[in-house]
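Taking it in order: structure first as structure tokens, then the write-up.
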Amino acid sequence: MIEIAILSGKGGTGKSSLSAALATLAAKIVAADCDVDAANLHLVLNPKDYREEVYVSGQKAVIDPDRCTNCGICLSYCRFEAISNKGGIHRIIETACDGCQLCDRVCPENAIHMVSHDKSRWFVGDIANGKMIHARLAPGEDNSGKLVNIVRDQARETAFEIQSDIILIDGPPGIGCPVISSLTGVDKVLLVAEPSLSGVHDLKRIVELTQHFRVQTYVVINKYDLNDALSDAIVNWCRSVQIPVIGQLPFDRAVVDAMVNCESVTNWAPDSTISNAIKRIWNKLLQHEQAKSF
Amino acid sequence: MKIAITATGNSLNSKVDSRFGRCSYFAVYDMDENQTKFIKNPNKEAAEGAGPAAVQLIAKQGVTQIISGEFGGKAKSILEDLNIQMIMLNGPEKSIQEVLDLMAINK
Amino acid sequence: MKIAVASGKGGTGKTLVSTNLFNVIQKSGFAVDLIDCDAEEPNALQFIHADLISQKSVTQNIPVIDKEACTFCGKCEAYCHYNAIVVLPKLRHIQVVEDLCHDCGACEYACPAGAISWKSKTTGTIRTYAVNNGSSLIEGRIEIGVYSSVPLIKEVMKSSHHRQLAIVDAPPGTSCPFIATVSAADFMVLVTEPTPFGLNDLKLSVEILQQLDKSFGIIVNRAGLGDHRVYDFIAKNKLLLLDEIPFDPRIAKSYSEGKLITDNMPNYHKHFLQLFSRIKKHLQYDRNSYT
Ligand code: SF4
Ligand code: SF4
Ligand code: SF4
Ligand code: SF4
């Protein structure tokens, strides 16, 4: 079984559209959307979810007004400015509470208790050529790295169940904790880069990360025709750090049209130039795998 | 001497779990008694700090060697401080029994 | 008055809007701040010519344990919600994992031996750059490995209090850093695009802004590409559509080169000035101070 993660230093590089296109090319696959903060792969792969689970992201404090004597001790201990005192009434500011539980421990009246955040969900569903695991982190909730771990665990379990050889992970943007959770232990990372000044900068930062974790890394340049000079610069730079550039995709309206119709471009326009280019990328990703195992 | 191996389940046939902090079980092998016991990892689902918590757990068992697929940076530095040897296991999946056999051969 | 520009996911034109909006206001002679709260990857500076005038570190507290006084009772470890303390009584070992510490203070409260004191650790930097006419760019940048950018963002947002007007580049997503920015802003501008992905992100952002009771307007970027469902959603929920920025390959090209469209294309200069007047109409403050 191989796990392939699609990542990009920043959002908006067309990562999810490419992930969706690659996912529909495999004969059998488990697709895992690890961009739990702003998941949208499901819009294209359209899974029929048969399993829904609650994800507890953390805890928040709640004050019981009947017990609270408004002594203010909790407020003096909370270091997150998460307790307000309006007209002598003490309340927790839910969006600021970090869940450290200190107020609960210091309250002399036992008026505070902790409640779990249980508004986030993760799902398993059927897609045309396999299964999909995806999640929805409720707004204002944190610890997306942990949710990414759950999605990945579930993806592995599911791949084992249906005997799929491939897990495709659509990773979150950036270089933070959820990104690290998405790429540790994967076999390959495909980075989607964009030829812009900030895009080049973002690419270098994420390559630092993949090299730190010693993951086999490949690059695709999306919308390369946006700025040919920068695309060339990316190719040269990748060569200098020995990362193969396995595809360069032009801006193509078909990608947008496919997305608008909630289809992957490889399904929407299977014989288009761009779909063929994406097929070549997919073959190269898998080819390298064979080369490695011999 | 005690050795811990991260495991996906609680039997000798279970595979080595490639993640240290978020593994399912720890197999703790006591060389002197020639016995293996399995400890469920309570920190698997921890929001943060699963690695350091796992170090604490195995250190309390008196383990001096730990075998896993990968170690996070935070866990690594504590293991180094505690002088617990880290052994990284790469390549095809092995069962706990297979790893123990390998250890016995290499002794 | 702080106007924050956000876009659910990154890459839909948030920085395009915030930097150009700032640029046209600043060029028309008013002192305004641009606050870059995208602390993991601040990039407004790539578009604005500015000189560094000051910088300060943002710190958090980290417990320091006096091993002489410590009895290795383990209470601090039990009180630490973030697994940031490792205590091994038999080995007489105690250690703080600095990257995990949220600076909550629970360990100090827990310790019966008074063995805990504090040191400070740099978690980020706030840099201020001078632009023309007394305007400035304020950038928050988080150190790699810090658990959350929220404390830094709170500080960055406070750094601009003397100003009448600030444009804020908000962090992506809808999690805590976004909320911290929104909480300190007076008005939100959500940038989206007319695709199912854009709509999905917009819905999430709208949901949280409504929960927080914030007033906001929407800009549809790359208008002309995609479909009408974003507009249907806006109309159906009676949301405020502030502006449309057309799909124009020159915009992406200019952006890729780190240039502002309001500098090199006069029609967009006018476009953003009009956008600003539209935003002003929705804000409740003395209009005369800016026109
Ligand atoms: S410490 Fe307890 S009693 Fe005092 S104000 Fe807080 S919640 Fe109320
Ligand atoms: S749990 Fe911690 S952060 Fe939340 S209100 Fe209590 S003391 Fe403040
Ligand atoms: S300050 Fe809070 S998070 Fe930091 S070590 Fe102490 S208890 Fe843990
Ligand atoms: S609570 Fe105090 S005495 Fe007990 S282990 Fe922690 S630092 Fe040491």
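By order in the structure tokens, chains are A, B, ...; within a chain, residues start at 1; ligands start at 1, following the order shown.
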Counting only C-alpha atoms, a student should be able to say which residues of chain B come within 8 Å of chain C; what is the right answer, written as JSON, numbers by chain? {"B": [47, 48, 49, 50, 52, 53, 56, 59, 60, 74]}
Once you have the residues from the selection above, write them out as an mmCIF file, in the first residue's frame, restricted to C-alpha atoms.
```
data_model
loop_
_atom_site.group_PDB
_atom_site.id
_atom_site.type_symbol
_atom_site.label_atom_id
_atom_site.label_comp_id
_atom_site.auth_asym_id
_atom_site.auth_seq_id
_atom_site.Cartn_x
_atom_site.Cartn_y
_atom_site.Cartn_z
ATOM 1 C CA ALA B 47 -4.767 16.680 21.391
ATOM 2 C CA GLU B 48 -1.169 17.613 21.913
ATOM 3 C CA GLY B 49 1.913 16.155 23.467
ATOM 4 C CA ALA B 50 1.244 12.503 22.745
ATOM 5 C CA PRO B 52 6.209 13.293 25.608
ATOM 6 C CA ALA B 53 3.354 11.538 27.408
ATOM 7 C CA GLN B 56 6.771 9.246 30.379
ATOM 8 C CA ALA B 59 10.137 5.460 31.157
ATOM 9 C CA LYS B 60 7.999 4.632 34.169
ATOM 10 C CA LYS B 74 9.797 16.523 21.183
#
```
List all protein, DNA and RNA residues that have an atom no more than 8 Å from any atom of ligand 4, counting only C-alpha atoms and all ligand atoms, and report them as number ranges by chain. C: 65-67, 69-77, 87, 89, 94, 107-108, 110-116
Limited to N, CA and C atoms, could you put the picked residues into a file as an mmCIF file, in the first residue's frame?
```cif
data_model
loop_
_atom_site.group_PDB
_atom_site.id
_atom_site.type_symbol
_atom_site.label_atom_id
_atom_site.label_comp_id
_atom_site.auth_asym_id
_atom_site.auth_seq_id
_atom_site.Cartn_x
_atom_site.Cartn_y
_atom_site.Cartn_z
ATOM 1 N N ILE C 65 11.550 24.962 36.560
ATOM 2 C CA ILE C 65 11.375 24.192 37.786
ATOM 3 C C ILE C 65 12.674 24.122 38.566
ATOM 4 N N ASP C 66 12.595 24.500 39.806
ATOM 5 C CA ASP C 66 13.751 24.472 40.689
ATOM 6 C C ASP C 66 13.913 23.030 41.192
ATOM 7 N N LYS C 67 14.901 22.324 40.666
ATOM 8 C CA LYS C 67 15.028 20.898 40.967
ATOM 9 C C LYS C 67 15.401 20.645 42.416
ATOM 10 N N ALA C 69 14.066 22.378 44.953
ATOM 11 C CA ALA C 69 12.831 22.481 45.737
ATOM 12 C C ALA C 69 11.813 21.408 45.367
ATOM 13 N N CYS C 70 11.874 20.918 44.152
ATOM 14 C CA CYS C 70 10.867 19.977 43.638
ATOM 15 C C CYS C 70 10.927 18.647 44.392
ATOM 16 N N THR C 71 9.734 18.152 44.755
ATOM 17 C CA THR C 71 9.670 16.866 45.455
ATOM 18 C C THR C 71 9.242 15.735 44.503
ATOM 19 N N PHE C 72 9.095 16.073 43.229
ATOM 20 C CA PHE C 72 8.673 15.109 42.198
ATOM 21 C C PHE C 72 7.319 14.478 42.517
ATOM 22 N N CYS C 73 6.436 15.302 43.082
ATOM 23 C CA CYS C 73 5.124 14.775 43.456
ATOM 24 C C CYS C 73 4.232 14.549 42.236
ATOM 25 N N GLY C 74 4.519 15.224 41.126
ATOM 26 C CA GLY C 74 3.760 14.989 39.900
ATOM 27 C C GLY C 74 2.466 15.774 39.769
ATOM 28 N N LYS C 75 2.213 16.660 40.718
ATOM 29 C CA LYS C 75 0.939 17.371 40.664
ATOM 30 C C LYS C 75 0.873 18.337 39.470
ATOM 31 N N CYS C 76 1.989 18.965 39.179
ATOM 32 C CA CYS C 76 2.015 19.903 38.043
ATOM 33 C C CYS C 76 1.683 19.164 36.750
ATOM 34 N N GLU C 77 2.227 17.982 36.618
ATOM 35 C CA GLU C 77 1.981 17.183 35.425
ATOM 36 C C GLU C 77 0.492 16.867 35.306
ATOM 37 N N VAL C 87 7.232 14.137 34.352
ATOM 38 C CA VAL C 87 7.807 13.902 35.679
ATOM 39 C C VAL C 87 8.047 12.407 35.874
ATOM 40 N N PRO C 89 9.315 10.347 38.903
ATOM 41 C CA PRO C 89 9.775 10.421 40.293
ATOM 42 C C PRO C 89 10.964 9.490 40.578
ATOM 43 N N ILE C 94 12.464 15.784 35.935
ATOM 44 C CA ILE C 94 11.308 16.621 35.599
ATOM 45 C C ILE C 94 11.722 17.539 34.466
ATOM 46 N N CYS C 107 0.361 24.803 36.380
ATOM 47 C CA CYS C 107 1.401 24.068 37.105
ATOM 48 C C CYS C 107 1.861 24.832 38.345
ATOM 49 N N GLU C 108 1.972 26.153 38.200
ATOM 50 C CA GLU C 108 2.400 26.954 39.344
ATOM 51 C C GLU C 108 1.357 26.859 40.467
ATOM 52 N N ALA C 110 -0.592 24.418 40.928
ATOM 53 C CA ALA C 110 -0.602 23.055 41.446
ATOM 54 C C ALA C 110 0.531 22.796 42.434
ATOM 55 N N CYS C 111 1.671 23.421 42.217
ATOM 56 C CA CYS C 111 2.879 23.027 42.938
ATOM 57 C C CYS C 111 2.826 23.354 44.432
ATOM 58 N N PRO C 112 2.867 22.319 45.285
ATOM 59 C CA PRO C 112 2.825 22.551 46.727
ATOM 60 C C PRO C 112 4.181 23.016 47.270
ATOM 61 N N ALA C 113 5.238 22.862 46.467
ATOM 62 C CA ALA C 113 6.578 23.151 46.973
ATOM 63 C C ALA C 113 7.096 24.518 46.533
ATOM 64 N N GLY C 114 6.287 25.226 45.789
ATOM 65 C CA GLY C 114 6.738 26.531 45.302
ATOM 66 C C GLY C 114 7.976 26.428 44.432
ATOM 67 N N ALA C 115 8.042 25.355 43.662
ATOM 68 C CA ALA C 115 9.259 25.111 42.889
ATOM 69 C C ALA C 115 9.219 25.730 41.496
ATOM 70 N N ILE C 116 8.088 26.355 41.160
ATOM 71 C CA ILE C 116 7.953 26.839 39.785
ATOM 72 C C ILE C 116 8.072 28.354 39.685
#
```
Nearby residues (only C-alpha atoms) at most 12 Å from B:Ala104, same-chain spacing under 6 positions excluded, as a PyMOL selection string: chain B and resi 3+29+31+34+97-98
Residues just named, written with C-alpha atoms as an mmCIF file, in the first residue's frame:
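selection27.cif, written as the output of this step:
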```cif
data_model
loop_
_atom_site.group_PDB
_atom_site.id
_atom_site.type_symbol
_atom_site.label_atom_id
_atom_site.label_comp_id
_atom_site.auth_asym_id
_atom_site.auth_seq_id
_atom_site.Cartn_x
_atom_site.Cartn_y
_atom_site.Cartn_z
ATOM 1 C CA ILE B 3 12.595 -3.039 25.639
ATOM 2 C CA TYR B 29 9.582 -7.038 26.735
ATOM 3 C CA MET B 31 14.620 -9.715 28.987
ATOM 4 C CA ASN B 34 11.519 -13.370 29.067
ATOM 5 C CA GLN B 97 7.308 -11.570 17.451
ATOM 6 C CA GLU B 98 9.541 -11.102 14.419
#
```
Within 12 Å of ligand 1, counting only C-alpha atoms and all ligand atoms, which protein or nucleic acid residues do you find, written as an mmCIF file with N, CA, C and O atoms, in the first residue's frame?
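Below is the file result14.cif, written as the result:
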```cif
data_model
loop_
_atom_site.group_PDB
_atom_site.id
_atom_site.type_symbol
_atom_site.label_atom_id
_atom_site.label_comp_id
_atom_site.auth_asym_id
_atom_site.auth_seq_id
_atom_site.Cartn_x
_atom_site.Cartn_y
_atom_site.Cartn_z
ATOM 1 N N ALA A 61 -14.596 25.849 29.280
ATOM 2 C CA ALA A 61 -15.173 26.006 30.616
ATOM 3 C C ALA A 61 -16.567 26.622 30.526
ATOM 4 O O ALA A 61 -16.849 27.393 29.614
ATOM 5 N N VAL A 62 -17.416 26.242 31.467
ATOM 6 C CA VAL A 62 -18.751 26.833 31.563
ATOM 7 C C VAL A 62 -18.993 27.200 33.029
ATOM 8 O O VAL A 62 -18.668 26.421 33.922
ATOM 9 N N ILE A 63 -19.550 28.384 33.270
ATOM 10 C CA ILE A 63 -19.866 28.797 34.646
ATOM 11 C C ILE A 63 -21.350 28.552 34.903
ATOM 12 O O ILE A 63 -22.197 28.933 34.098
ATOM 13 N N ASP A 64 -21.643 27.924 36.005
ATOM 14 C CA ASP A 64 -23.025 27.712 36.414
ATOM 15 C C ASP A 64 -23.466 28.950 37.208
ATOM 16 O O ASP A 64 -23.012 29.170 38.332
ATOM 17 N N PRO A 65 -24.350 29.762 36.634
ATOM 18 C CA PRO A 65 -24.693 31.037 37.281
ATOM 19 C C PRO A 65 -25.371 30.846 38.644
ATOM 20 O O PRO A 65 -25.320 31.742 39.497
ATOM 21 N N ASP A 66 -26.007 29.699 38.853
ATOM 22 C CA ASP A 66 -26.684 29.472 40.134
ATOM 23 C C ASP A 66 -25.698 29.277 41.274
ATOM 24 O O ASP A 66 -25.994 29.577 42.432
ATOM 25 N N ARG A 67 -24.534 28.746 40.936
ATOM 26 C CA ARG A 67 -23.549 28.499 41.980
ATOM 27 C C ARG A 67 -22.571 29.651 42.140
ATOM 28 O O ARG A 67 -21.983 29.837 43.201
ATOM 29 N N CYS A 68 -22.331 30.359 41.063
ATOM 30 C CA CYS A 68 -21.297 31.392 41.051
ATOM 31 C C CYS A 68 -21.659 32.537 41.983
ATOM 32 O O CYS A 68 -22.765 33.060 41.955
ATOM 33 N N THR A 69 -20.695 32.916 42.832
ATOM 34 C CA THR A 69 -20.911 34.049 43.736
ATOM 35 C C THR A 69 -20.226 35.306 43.199
ATOM 36 O O THR A 69 -20.145 36.318 43.882
ATOM 37 N N ASN A 70 -19.685 35.194 41.980
ATOM 38 C CA ASN A 70 -19.007 36.317 41.337
ATOM 39 C C ASN A 70 -17.852 36.875 42.160
ATOM 40 O O ASN A 70 -17.643 38.077 42.235
ATOM 41 N N CYS A 71 -17.107 35.975 42.770
ATOM 42 C CA CYS A 71 -15.976 36.397 43.582
ATOM 43 C C CYS A 71 -14.799 36.874 42.735
ATOM 44 O O CYS A 71 -13.926 37.594 43.207
ATOM 45 N N GLY A 72 -14.753 36.447 41.466
ATOM 46 C CA GLY A 72 -13.701 36.948 40.571
ATOM 47 C C GLY A 72 -12.377 36.201 40.630
ATOM 48 O O GLY A 72 -11.427 36.586 39.960
ATOM 49 N N ILE A 73 -12.312 35.153 41.419
ATOM 50 C CA ILE A 73 -11.037 34.428 41.525
ATOM 51 C C ILE A 73 -10.647 33.811 40.177
ATOM 52 O O ILE A 73 -9.503 33.910 39.740
ATOM 53 N N CYS A 74 -11.612 33.206 39.495
ATOM 54 C CA CYS A 74 -11.323 32.567 38.213
ATOM 55 C C CYS A 74 -10.728 33.584 37.246
ATOM 56 O O CYS A 74 -9.741 33.310 36.564
ATOM 57 N N LEU A 75 -11.336 34.763 37.221
ATOM 58 C CA LEU A 75 -10.873 35.794 36.291
ATOM 59 C C LEU A 75 -9.419 36.166 36.557
ATOM 60 O O LEU A 75 -8.633 36.380 35.645
ATOM 61 N N SER A 76 -9.071 36.209 37.832
ATOM 62 C CA SER A 76 -7.700 36.619 38.145
ATOM 63 C C SER A 76 -6.683 35.537 37.764
ATOM 64 O O SER A 76 -5.522 35.838 37.553
ATOM 65 N N TYR A 77 -7.122 34.300 37.645
ATOM 66 C CA TYR A 77 -6.197 33.229 37.258
ATOM 67 C C TYR A 77 -6.121 33.012 35.744
ATOM 68 O O TYR A 77 -5.080 32.612 35.233
ATOM 69 N N CYS A 78 -7.214 33.239 35.036
ATOM 70 C CA CYS A 78 -7.244 32.914 33.603
ATOM 71 C C CYS A 78 -6.259 33.785 32.839
ATOM 72 O O CYS A 78 -6.314 35.000 32.885
ATOM 73 N N ALA A 82 -10.228 35.051 28.935
ATOM 74 C CA ALA A 82 -11.405 34.315 28.490
ATOM 75 C C ALA A 82 -12.563 34.409 29.476
ATOM 76 O O ALA A 82 -13.592 33.763 29.290
ATOM 77 N N ILE A 83 -12.380 35.193 30.534
ATOM 78 C CA ILE A 83 -13.481 35.368 31.481
ATOM 79 C C ILE A 83 -13.795 36.856 31.564
ATOM 80 O O ILE A 83 -12.902 37.694 31.724
ATOM 81 N N SER A 84 -15.065 37.192 31.378
ATOM 82 C CA SER A 84 -15.428 38.607 31.410
ATOM 83 C C SER A 84 -16.198 38.902 32.691
ATOM 84 O O SER A 84 -16.797 38.012 33.301
ATOM 85 N N ASN A 85 -16.143 40.144 33.074
ATOM 86 C CA ASN A 85 -16.894 40.586 34.240
ATOM 87 C C ASN A 85 -17.698 41.788 33.803
ATOM 88 O O ASN A 85 -17.185 42.894 33.705
ATOM 89 N N LYS A 86 -18.964 41.526 33.463
ATOM 90 C CA LYS A 86 -19.825 42.633 33.036
ATOM 91 C C LYS A 86 -20.831 42.907 34.139
ATOM 92 O O LYS A 86 -21.657 42.063 34.439
ATOM 93 N N GLY A 88 -20.401 42.909 37.241
ATOM 94 C CA GLY A 88 -20.291 41.981 38.358
ATOM 95 C C GLY A 88 -20.653 40.549 38.026
ATOM 96 O O GLY A 88 -20.501 39.659 38.858
ATOM 97 N N ILE A 89 -21.121 40.304 36.816
ATOM 98 C CA ILE A 89 -21.479 38.929 36.424
ATOM 99 C C ILE A 89 -20.318 38.313 35.638
ATOM 100 O O ILE A 89 -19.849 38.897 34.667
ATOM 101 N N HIS A 90 -19.879 37.154 36.070
ATOM 102 C CA HIS A 90 -18.747 36.509 35.409
ATOM 103 C C HIS A 90 -19.200 35.490 34.377
ATOM 104 O O HIS A 90 -20.053 34.657 34.660
ATOM 105 N N ARG A 91 -18.589 35.622 33.193
ATOM 106 C CA ARG A 91 -18.938 34.694 32.119
ATOM 107 C C ARG A 91 -17.691 34.246 31.379
ATOM 108 O O ARG A 91 -16.702 34.941 31.332
ATOM 109 N N ILE A 92 -17.781 33.059 30.782
ATOM 110 C CA ILE A 92 -16.674 32.582 29.950
ATOM 111 C C ILE A 92 -16.884 33.093 28.521
ATOM 112 O O ILE A 92 -17.990 33.003 27.988
ATOM 113 N N GLN A 101 -8.520 24.509 32.047
ATOM 114 C CA GLN A 101 -9.179 23.975 33.241
ATOM 115 C C GLN A 101 -8.742 24.620 34.561
ATOM 116 O O GLN A 101 -9.161 24.189 35.632
ATOM 117 N N LEU A 102 -7.898 25.639 34.483
ATOM 118 C CA LEU A 102 -7.425 26.233 35.732
ATOM 119 C C LEU A 102 -8.565 26.895 36.509
ATOM 120 O O LEU A 102 -8.652 26.763 37.733
ATOM 121 N N CYS A 103 -9.475 27.562 35.804
ATOM 122 C CA CYS A 103 -10.579 28.238 36.495
ATOM 123 C C CYS A 103 -11.410 27.228 37.281
ATOM 124 O O CYS A 103 -11.829 27.488 38.410
ATOM 125 N N ASP A 104 -11.630 26.070 36.665
ATOM 126 C CA ASP A 104 -12.385 25.000 37.300
ATOM 127 C C ASP A 104 -11.698 24.579 38.611
ATOM 128 O O ASP A 104 -12.336 24.352 39.634
ATOM 129 N N ARG A 105 -10.379 24.535 38.575
ATOM 130 C CA ARG A 105 -9.640 24.097 39.758
ATOM 131 C C ARG A 105 -9.620 25.147 40.852
ATOM 132 O O ARG A 105 -9.555 24.818 42.035
ATOM 133 N N VAL A 106 -9.636 26.428 40.476
ATOM 134 C CA VAL A 106 -9.519 27.466 41.509
ATOM 135 C C VAL A 106 -10.853 27.922 42.078
ATOM 136 O O VAL A 106 -10.895 28.515 43.151
ATOM 137 N N CYS A 107 -11.947 27.655 41.384
ATOM 138 C CA CYS A 107 -13.235 28.192 41.831
ATOM 139 C C CYS A 107 -13.623 27.618 43.195
ATOM 140 O O CYS A 107 -13.767 26.411 43.355
ATOM 141 N N PRO A 108 -13.818 28.472 44.218
ATOM 142 C CA PRO A 108 -14.134 27.973 45.560
ATOM 143 C C PRO A 108 -15.558 27.422 45.657
ATOM 144 O O PRO A 108 -15.875 26.684 46.582
ATOM 145 N N GLU A 109 -16.412 27.778 44.702
ATOM 146 C CA GLU A 109 -17.816 27.366 44.784
ATOM 147 C C GLU A 109 -18.110 26.158 43.904
ATOM 148 O O GLU A 109 -19.264 25.755 43.784
ATOM 149 N N ASN A 110 -17.064 25.643 43.236
ATOM 150 C CA ASN A 110 -17.288 24.527 42.312
ATOM 151 C C ASN A 110 -18.328 24.882 41.252
ATOM 152 O O ASN A 110 -19.147 24.052 40.872
ATOM 153 N N ALA A 111 -18.270 26.112 40.812
ATOM 154 C CA ALA A 111 -19.295 26.588 39.878
ATOM 155 C C ALA A 111 -18.896 26.399 38.425
ATOM 156 O O ALA A 111 -19.669 26.711 37.534
ATOM 157 N N ILE A 112 -17.666 25.915 38.209
ATOM 158 C CA ILE A 112 -17.209 25.783 36.817
ATOM 159 C C ILE A 112 -17.031 24.313 36.452
ATOM 160 O O ILE A 112 -16.525 23.531 37.245
ATOM 161 N N HIS A 113 -17.484 23.948 35.291
ATOM 162 C CA HIS A 113 -17.145 22.621 34.790
ATOM 163 C C HIS A 113 -16.745 22.732 33.321
ATOM 164 O O HIS A 113 -16.982 23.746 32.669
ATOM 165 N N MET A 114 -16.122 21.660 32.841
ATOM 166 C CA MET A 114 -15.613 21.666 31.474
ATOM 167 C C MET A 114 -16.577 20.874 30.583
ATOM 168 O O MET A 114 -17.051 19.809 30.969
#
```
For atom CA of C:Ile179 and atom CA of A:Ile133, quote the distance in Å rounded to one decimal.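 Going from atom CA of C:Ile179 over to atom CA of A:Ile133 covers 26.8 Å.
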Only residues of chain B matter here; which ones have an atom within 9 Å of chain A, counting only C-alpha atoms? Give them as a ChimeraX atom specification. /B:18-19,22,45-48,69-70
Would you mind exporting N, CA and C atoms of the selected residues as a PDB file, in the first residue's frame?
```
ATOM      1  N   SER B  18       4.000   2.275  13.333  1.00  0.00           N
ATOM      2  CA  SER B  18       5.091   3.143  12.888  1.00  0.00           C
ATOM      3  C   SER B  18       5.140   4.458  13.657  1.00  0.00           C
ATOM      4  N   ARG B  19       4.053   4.797  14.360  1.00  0.00           N
ATOM      5  CA  ARG B  19       4.065   6.069  15.074  1.00  0.00           C
ATOM      6  C   ARG B  19       4.362   5.840  16.550  1.00  0.00           C
ATOM      7  N   ARG B  22       1.549   8.157  18.986  1.00  0.00           N
ATOM      8  CA  ARG B  22       0.157   7.820  18.742  1.00  0.00           C
ATOM      9  C   ARG B  22      -0.034   6.352  18.365  1.00  0.00           C
ATOM     10  N   GLU B  45      -5.096   9.502  21.523  1.00  0.00           N
ATOM     11  CA  GLU B  45      -6.016  10.527  21.054  1.00  0.00           C
ATOM     12  C   GLU B  45      -5.745  11.894  21.665  1.00  0.00           C
ATOM     13  N   ALA B  46      -4.616  12.025  22.387  1.00  0.00           N
ATOM     14  CA  ALA B  46      -4.329  13.311  23.031  1.00  0.00           C
ATOM     15  C   ALA B  46      -4.261  14.400  21.976  1.00  0.00           C
ATOM     16  N   ALA B  47      -4.784  15.582  22.346  1.00  0.00           N
ATOM     17  CA  ALA B  47      -4.767  16.680  21.391  1.00  0.00           C
ATOM     18  C   ALA B  47      -3.334  17.070  21.079  1.00  0.00           C
ATOM     19  N   GLU B  48      -2.558  17.215  22.104  1.00  0.00           N
ATOM     20  CA  GLU B  48      -1.169  17.613  21.913  1.00  0.00           C
ATOM     21  C   GLU B  48      -0.295  16.821  22.867  1.00  0.00           C
ATOM     22  N   GLY B  69       8.693   3.170  14.417  1.00  0.00           N
ATOM     23  CA  GLY B  69       8.977   3.560  13.046  1.00  0.00           C
ATOM     24  C   GLY B  69       9.553   4.958  12.970  1.00  0.00           C
ATOM     25  N   GLU B  70       9.009   5.838  13.803  1.00  0.00           N
ATOM     26  CA  GLU B  70       9.497   7.216  13.765  1.00  0.00           C
ATOM     27  C   GLU B  70       9.268   7.889  15.117  1.00  0.00           C
TER      28      GLU B  70
END
```
